[in-house]
Amino acid sequence: MNDTFLQACRGEKTDYTPVWFMRQAGRYLPEYQAVRGKVSFLELCKNPELCTEVSIQPVDILDVDAAIMFSDILIPMEAMNLRLEFHEGRGPVFPDPIRDRQGVDDLLVPDPDEAMPFVMETIRLLRRELKVPLIGFSGAPFTLATYLIEGGSSKVFLETKRMMYQAPELYHALLAKITECTSLYLQAQARAGAQALQIFDSWVGILAPDDYRRFALPYVQSIISDLRKVTDIPVIYFANNGATLIELTKTAGADVLGLDWRIDIKDAVARVGDHAVQGNLDPVALFLPQDQLEARIKRILDNAAGARGHIFNLGHGILPQTPPEQARIAVEAVHRFSGR
Ligand code: CP3
């Protein structure tokens with residue numbers, strides 16, 4: 001068992017810098033496309049054997065130091081009693097967005113083992129196959145709420161902010177319900193065998209610090225403090241576009257702070273104190289010629305040298321257009337430069 005990733009999460013000294021990539025199981029791999037060609041995205045998410053297969057693909061192909069279970073952050077939202085569709089080229093759609101009290105009241109807080117047995121089965125299958133640690137995950141309540149309120153992806157988040165500013169009680173009622181669901185969901189993943197948990201706060205960078213402190217952070221803190229009561233596995237909190245929020249995100253209670261590429265990792269390390277950090281190569285750097293790609297990797301490794309644990313990653317998900325060979329070159333370079 002290669003435990004380097006978990007050691008780095010716990011801030012222990014490691015023989016080399018572990019690396020994995022957000023969205024490493026996905027469309028840039030022809031092997032993923034081959035599986036996905038046979039089933040829809042939601043069918044794939046609900047099939048433990050196929051989820052296991054596509055989760056393992058990047059471990060074998062790229063030689064990364066951790067696997068992330070294949071699923072989506074929106075799967076538990078469907079289990080809360082919401083219609084969820086994935087449209088080719090447009091992403092997720094909730095045809096009945098939540099805008100009023102009735103919408104919030106109609107949401108269920110499901111038993112995750114009963115409502116999403118396929119996720120727990122995927123975790124159990126993966127643990128039997130993997131020789132690297134397995135990461136489970138969820139969305140953070142604020143990020144999940146944006147999808148439910150907007151009815152899908154958004155650029156300005158008008159409806160979300162409108163509810164937050166003009167109907168704060170409704171907003172907080174919705175967030176409380178999403179938080180309860182997410183909390184139970186992550187605890188169930190830990191029981192099933194996940195060895196670390198990542199909370200994706202993909203859209204939190206649209207919030208001013210004071211709004212983040214009032215409308216997003218408390219719910220992440222609550223999930224992590226609930227987790228601490230039942231498990232000691234590492235928690236990674238990825239607040240995308242969160243450079244202006246670091247002093248706040250480090251109070252979330254996570255072991256590891258995920259960093260996007262917009263912040264210099266040296267600056268982040270100076271500000272996060274005794275947290276381990278994960279990141280933060282610009283995903284577009286994977287399109288560079290090898291020498292330029294390697295120079296950027298080297299710079300991040302050097303600048304993160306003072307951290308109390310560094311897990312190399314991209315600053316956001318790998319892009320579908322990425323040549324797999326480039327991702328493999330990057331993993332090899334991280335390992336070589338850090339002494340494996
Ligand atoms: O490899 C992995 O990281 C594991 C699987 C994973 C997926 N989605 C698979 C997926 C994970 C961890 C996610 C998280 C996720 N999903 C996030 C947070 C991370 C981030 O990127 O900020 C978000 C915001 C979503 C919501 C979502 N799912 C969107 C917006 C889309 C469509 C746009 C896009 O990027 O494709 C999805 C679909 C999705 N989730 C795909 C995959 C592989 C593509 C679906 C396909 O095969 O057609």
# chains A, B, ... in the order shown; residues from 1 in each chain; ligands from 1
$ select_by_dssp --residues "range 116-212 of chain A" --states "helix (DSSP H, G or I)" --output "JSON, numbers by chain"
{"A": [117, 118, 119, 120, 121, 122, 123, 124, 125, 126, 127, 128, 129, 141, 142, 143, 144, 145, 146, 147, 148, 149, 150, 158, 159, 160, 161, 162, 163, 164, 165, 166, 168, 169, 170, 171, 172, 173, 174, 175, 176, 177, 178, 179, 180, 181, 182, 183, 184, 185, 186, 187, 188, 189, 190, 191, 192, 204, 205, 206, 209, 210, 211, 212]}
$ residues_near_ligand --ligand "ligand 1" --cutoff "9 Å" --atoms "only C-alpha atoms and all ligand atoms" --output "ChimeraX atom specification"
/A:21-28,32-33,36-37,40-42,44-45,54-55,58,67-74,86-92,136-139,143-144,147,152-153,198-203,238,240,316-320
$ closest_residue --among "A:Pro48, A:Gly242, A:Gly11, A:Gly103" --to "Ala173 in chain A" --atoms "only C-alpha atoms"
A:Gly103
$ atom_distance --atom1 "CA of Gly309 in chain A" --atom2 "CA of Glu12 in chain A"
6.5 Å
$ select_by_dssp --residues "range 201-262 of chain A" --states "strand (DSSP E or B)" --output "list of chain:residue names"
A:Asp201, A:Val235, A:Ile236, A:Tyr237, A:Phe238, A:Ala239, A:Val256, A:Leu257, A:Gly258
$ write_last_selection --atoms "C-alpha atoms" --output "short mmCIF file (atom, residue, chain, number, x, y, z; two decimals), in the first residue's frame"
data_model
loop_
_atom_site.label_atom_id
_atom_site.label_comp_id
_atom_site.auth_asym_id
_atom_site.auth_seq_id
_atom_site.Cartn_x
_atom_site.Cartn_y
_atom_site.Cartn_z
CA ASP A 201 -16.56 24.44 -2.98
CA VAL A 235 -10.50 16.13 5.17
CA ILE A 236 -9.50 18.31 2.21
CA TYR A 237 -11.40 21.55 1.63
CA PHE A 238 -11.09 22.97 -1.89
CA ALA A 239 -12.40 26.53 -2.02
CA VAL A 256 -5.71 20.13 3.94
CA LEU A 257 -6.58 23.29 2.01
CA GLY A 258 -6.92 22.88 -1.74
#
$ closest_residue --among "A:Ala216, A:Cys181, A:Leu84, A:Ile311" --to "Leu248 in chain A" --atoms "only C-alpha atoms"
A:Ala216
$ residues_around --residues "Tyr165 in chain A" --least-positions-apart "5" --cutoff "12 Å" --atoms "only C-alpha atoms" --output "PyMOL selection string"
chain A and resi 158-160+170-172+207+211+214-215
$ closest_atom_pairs --of "range 42-86 of chain A" --to "range 333-337 of chain A" --cutoff "10 Å" --atoms "only C-alpha atoms" --output "tab-separated table"
residue	atom	partner	partner_atom	distance
A:Asp63	CA	A:His335	CA	9.8
A:Val64	CA	A:His335	CA	9.5
A:Asp65	CA	A:His335	CA	9.8
$ write_last_selection --atoms "all heavy atoms" --output "PDB file, in the first residue's frame"
ATOM      1  N   ASP A  63      -0.129   6.753 -13.009  1.00  0.00           N
ATOM      2  CA  ASP A  63       0.696   6.446 -11.827  1.00  0.00           C
ATOM      3  C   ASP A  63       0.524   7.493 -10.715  1.00  0.00           C
ATOM      4  O   ASP A  63       1.495   7.857 -10.034  1.00  0.00           O
ATOM      5  CB  ASP A  63       2.179   6.316 -12.239  1.00  0.00           C
ATOM      6  CG  ASP A  63       3.028   5.689 -11.130  1.00  0.00           C
ATOM      7  OD1 ASP A  63       2.476   4.921 -10.323  1.00  0.00           O
ATOM      8  OD2 ASP A  63       4.234   5.991 -11.068  1.00  0.00           O
ATOM      9  N   VAL A  64      -0.698   7.992 -10.540  1.00  0.00           N
ATOM     10  CA  VAL A  64      -0.966   8.938  -9.448  1.00  0.00           C
ATOM     11  C   VAL A  64      -0.977   8.224  -8.096  1.00  0.00           C
ATOM     12  O   VAL A  64      -1.102   6.997  -8.026  1.00  0.00           O
ATOM     13  CB  VAL A  64      -2.320   9.670  -9.657  1.00  0.00           C
ATOM     14  CG1 VAL A  64      -2.191  10.735 -10.732  1.00  0.00           C
ATOM     15  CG2 VAL A  64      -3.423   8.681 -10.003  1.00  0.00           C
ATOM     16  N   ASP A  65      -0.866   9.017  -7.023  1.00  0.00           N
ATOM     17  CA  ASP A  65      -0.714   8.459  -5.673  1.00  0.00           C
ATOM     18  C   ASP A  65      -2.023   8.360  -4.896  1.00  0.00           C
ATOM     19  O   ASP A  65      -2.009   8.003  -3.714  1.00  0.00           O
ATOM     20  CB  ASP A  65       0.278   9.324  -4.882  1.00  0.00           C
ATOM     21  CG  ASP A  65       1.655   9.302  -5.510  1.00  0.00           C
ATOM     22  OD1 ASP A  65       2.322   8.262  -5.408  1.00  0.00           O
ATOM     23  OD2 ASP A  65       2.054  10.310  -6.145  1.00  0.00           O
TER      24      ASP A  65
END
$ atom_distance --atom1 "CA of Ala208 in chain A" --atom2 "CA of Thr244 in chain A"
8.4 Å
$ closest_residue --among "A:Ala330, A:Lys266, A:Ala285, A:Ala145" --to "Asn303 in chain A" --atoms "only C-alpha atoms"
A:Lys266
$ decode --residues "range 232-243 of chain A" --atoms "all heavy atoms" --output "PDB file, in the first residue's frame"
ATOM      1  N   ASP A 232     -11.366   9.808  11.943  1.00  0.00           N
ATOM      2  CA  ASP A 232     -10.194  10.700  11.946  1.00  0.00           C
ATOM      3  C   ASP A 232      -9.512  10.734  10.576  1.00  0.00           C
ATOM      4  O   ASP A 232      -8.366  11.149  10.454  1.00  0.00           O
ATOM      5  CB  ASP A 232      -9.206  10.302  13.057  1.00  0.00           C
ATOM      6  CG  ASP A 232      -8.697   8.877  12.878  1.00  0.00           C
ATOM      7  OD1 ASP A 232      -9.080   8.225  11.874  1.00  0.00           O
ATOM      8  OD2 ASP A 232      -7.930   8.414  13.739  1.00  0.00           O
ATOM      9  N   ILE A 233     -10.213  10.310   9.515  1.00  0.00           N
ATOM     10  CA  ILE A 233      -9.589  10.369   8.188  1.00  0.00           C
ATOM     11  C   ILE A 233      -9.440  11.835   7.764  1.00  0.00           C
ATOM     12  O   ILE A 233     -10.245  12.684   8.132  1.00  0.00           O
ATOM     13  CB  ILE A 233     -10.359   9.551   7.119  1.00  0.00           C
ATOM     14  CG1 ILE A 233     -11.762  10.118   6.876  1.00  0.00           C
ATOM     15  CG2 ILE A 233     -10.418   8.088   7.491  1.00  0.00           C
ATOM     16  CD1 ILE A 233     -12.477   9.437   5.711  1.00  0.00           C
ATOM     17  N   PRO A 234      -8.388  12.134   6.965  1.00  0.00           N
ATOM     18  CA  PRO A 234      -8.142  13.513   6.571  1.00  0.00           C
ATOM     19  C   PRO A 234      -9.271  14.111   5.724  1.00  0.00           C
ATOM     20  O   PRO A 234      -9.890  13.413   4.917  1.00  0.00           O
ATOM     21  CB  PRO A 234      -6.857  13.431   5.722  1.00  0.00           C
ATOM     22  CG  PRO A 234      -6.265  12.108   6.014  1.00  0.00           C
ATOM     23  CD  PRO A 234      -7.366  11.208   6.459  1.00  0.00           C
ATOM     24  N   VAL A 235      -9.498  15.386   5.937  1.00  0.00           N
ATOM     25  CA  VAL A 235     -10.496  16.132   5.166  1.00  0.00           C
ATOM     26  C   VAL A 235      -9.774  17.230   4.387  1.00  0.00           C
ATOM     27  O   VAL A 235      -8.972  17.983   4.937  1.00  0.00           O
ATOM     28  CB  VAL A 235     -11.554  16.765   6.092  1.00  0.00           C
ATOM     29  CG1 VAL A 235     -12.570  17.577   5.269  1.00  0.00           C
ATOM     30  CG2 VAL A 235     -12.256  15.693   6.916  1.00  0.00           C
ATOM     31  N   ILE A 236     -10.059  17.288   3.092  1.00  0.00           N
ATOM     32  CA  ILE A 236      -9.503  18.315   2.209  1.00  0.00           C
ATOM     33  C   ILE A 236     -10.626  19.282   1.848  1.00  0.00           C
ATOM     34  O   ILE A 236     -11.697  18.841   1.418  1.00  0.00           O
ATOM     35  CB  ILE A 236      -8.962  17.687   0.895  1.00  0.00           C
ATOM     36  CG1 ILE A 236      -7.977  16.547   1.201  1.00  0.00           C
ATOM     37  CG2 ILE A 236      -8.324  18.752  -0.001  1.00  0.00           C
ATOM     38  CD1 ILE A 236      -7.671  15.658  -0.007  1.00  0.00           C
ATOM     39  N   TYR A 237     -10.389  20.559   2.017  1.00  0.00           N
ATOM     40  CA  TYR A 237     -11.401  21.551   1.633  1.00  0.00           C
ATOM     41  C   TYR A 237     -10.863  22.371   0.466  1.00  0.00           C
ATOM     42  O   TYR A 237      -9.873  23.077   0.596  1.00  0.00           O
ATOM     43  CB  TYR A 237     -11.737  22.447   2.832  1.00  0.00           C
ATOM     44  CG  TYR A 237     -12.748  23.527   2.520  1.00  0.00           C
ATOM     45  CD1 TYR A 237     -13.904  23.256   1.786  1.00  0.00           C
ATOM     46  CD2 TYR A 237     -12.564  24.828   2.984  1.00  0.00           C
ATOM     47  CE1 TYR A 237     -14.830  24.253   1.500  1.00  0.00           C
ATOM     48  CE2 TYR A 237     -13.498  25.839   2.713  1.00  0.00           C
ATOM     49  CZ  TYR A 237     -14.617  25.537   1.964  1.00  0.00           C
ATOM     50  OH  TYR A 237     -15.528  26.526   1.681  1.00  0.00           O
ATOM     51  N   PHE A 238     -11.513  22.240  -0.698  1.00  0.00           N
ATOM     52  CA  PHE A 238     -11.094  22.967  -1.890  1.00  0.00           C
ATOM     53  C   PHE A 238     -12.051  24.125  -2.137  1.00  0.00           C
ATOM     54  O   PHE A 238     -13.173  23.931  -2.619  1.00  0.00           O
ATOM     55  CB  PHE A 238     -11.063  22.030  -3.105  1.00  0.00           C
ATOM     56  CG  PHE A 238     -10.749  22.737  -4.402  1.00  0.00           C
ATOM     57  CD1 PHE A 238      -9.564  23.444  -4.557  1.00  0.00           C
ATOM     58  CD2 PHE A 238     -11.645  22.705  -5.461  1.00  0.00           C
ATOM     59  CE1 PHE A 238      -9.282  24.112  -5.754  1.00  0.00           C
ATOM     60  CE2 PHE A 238     -11.372  23.367  -6.654  1.00  0.00           C
ATOM     61  CZ  PHE A 238     -10.190  24.074  -6.793  1.00  0.00           C
ATOM     62  N   ALA A 239     -11.609  25.327  -1.785  1.00  0.00           N
ATOM     63  CA  ALA A 239     -12.404  26.534  -2.025  1.00  0.00           C
ATOM     64  C   ALA A 239     -11.850  27.182  -3.289  1.00  0.00           C
ATOM     65  O   ALA A 239     -10.876  27.934  -3.245  1.00  0.00           O
ATOM     66  CB  ALA A 239     -12.330  27.473  -0.838  1.00  0.00           C
ATOM     67  N   ASN A 240     -12.475  26.870  -4.408  1.00  0.00           N
ATOM     68  CA  ASN A 240     -11.973  27.343  -5.693  1.00  0.00           C
ATOM     69  C   ASN A 240     -12.068  28.869  -5.798  1.00  0.00           C
ATOM     70  O   ASN A 240     -13.057  29.458  -5.408  1.00  0.00           O
ATOM     71  CB  ASN A 240     -12.796  26.696  -6.815  1.00  0.00           C
ATOM     72  CG  ASN A 240     -12.295  27.073  -8.184  1.00  0.00           C
ATOM     73  OD1 ASN A 240     -11.082  27.198  -8.383  1.00  0.00           O
ATOM     74  ND2 ASN A 240     -13.205  27.252  -9.125  1.00  0.00           N
ATOM     75  N   ASN A 241     -11.022  29.465  -6.350  1.00  0.00           N
ATOM     76  CA  ASN A 241     -10.981  30.929  -6.491  1.00  0.00           C
ATOM     77  C   ASN A 241     -11.048  31.598  -5.115  1.00  0.00           C
ATOM     78  O   ASN A 241     -11.662  32.641  -4.943  1.00  0.00           O
ATOM     79  CB  ASN A 241     -12.145  31.410  -7.378  1.00  0.00           C
ATOM     80  CG  ASN A 241     -11.750  32.603  -8.230  1.00  0.00           C
ATOM     81  OD1 ASN A 241     -10.788  33.303  -7.918  1.00  0.00           O
ATOM     82  ND2 ASN A 241     -12.482  32.822  -9.288  1.00  0.00           N
ATOM     83  N   GLY A 242     -10.375  30.982  -4.138  1.00  0.00           N
ATOM     84  CA  GLY A 242     -10.531  31.387  -2.745  1.00  0.00           C
ATOM     85  C   GLY A 242      -9.366  32.165  -2.146  1.00  0.00           C
ATOM     86  O   GLY A 242      -9.238  32.243  -0.923  1.00  0.00           O
ATOM     87  N   ALA A 243      -8.518  32.761  -3.006  1.00  0.00           N
ATOM     88  CA  ALA A 243      -7.342  33.459  -2.479  1.00  0.00           C
ATOM     89  C   ALA A 243      -7.716  34.583  -1.509  1.00  0.00           C
ATOM     90  O   ALA A 243      -7.008  34.833  -0.540  1.00  0.00           O
ATOM     91  CB  ALA A 243      -6.501  34.023  -3.628  1.00  0.00           C
TER      92      ALA A 243
END
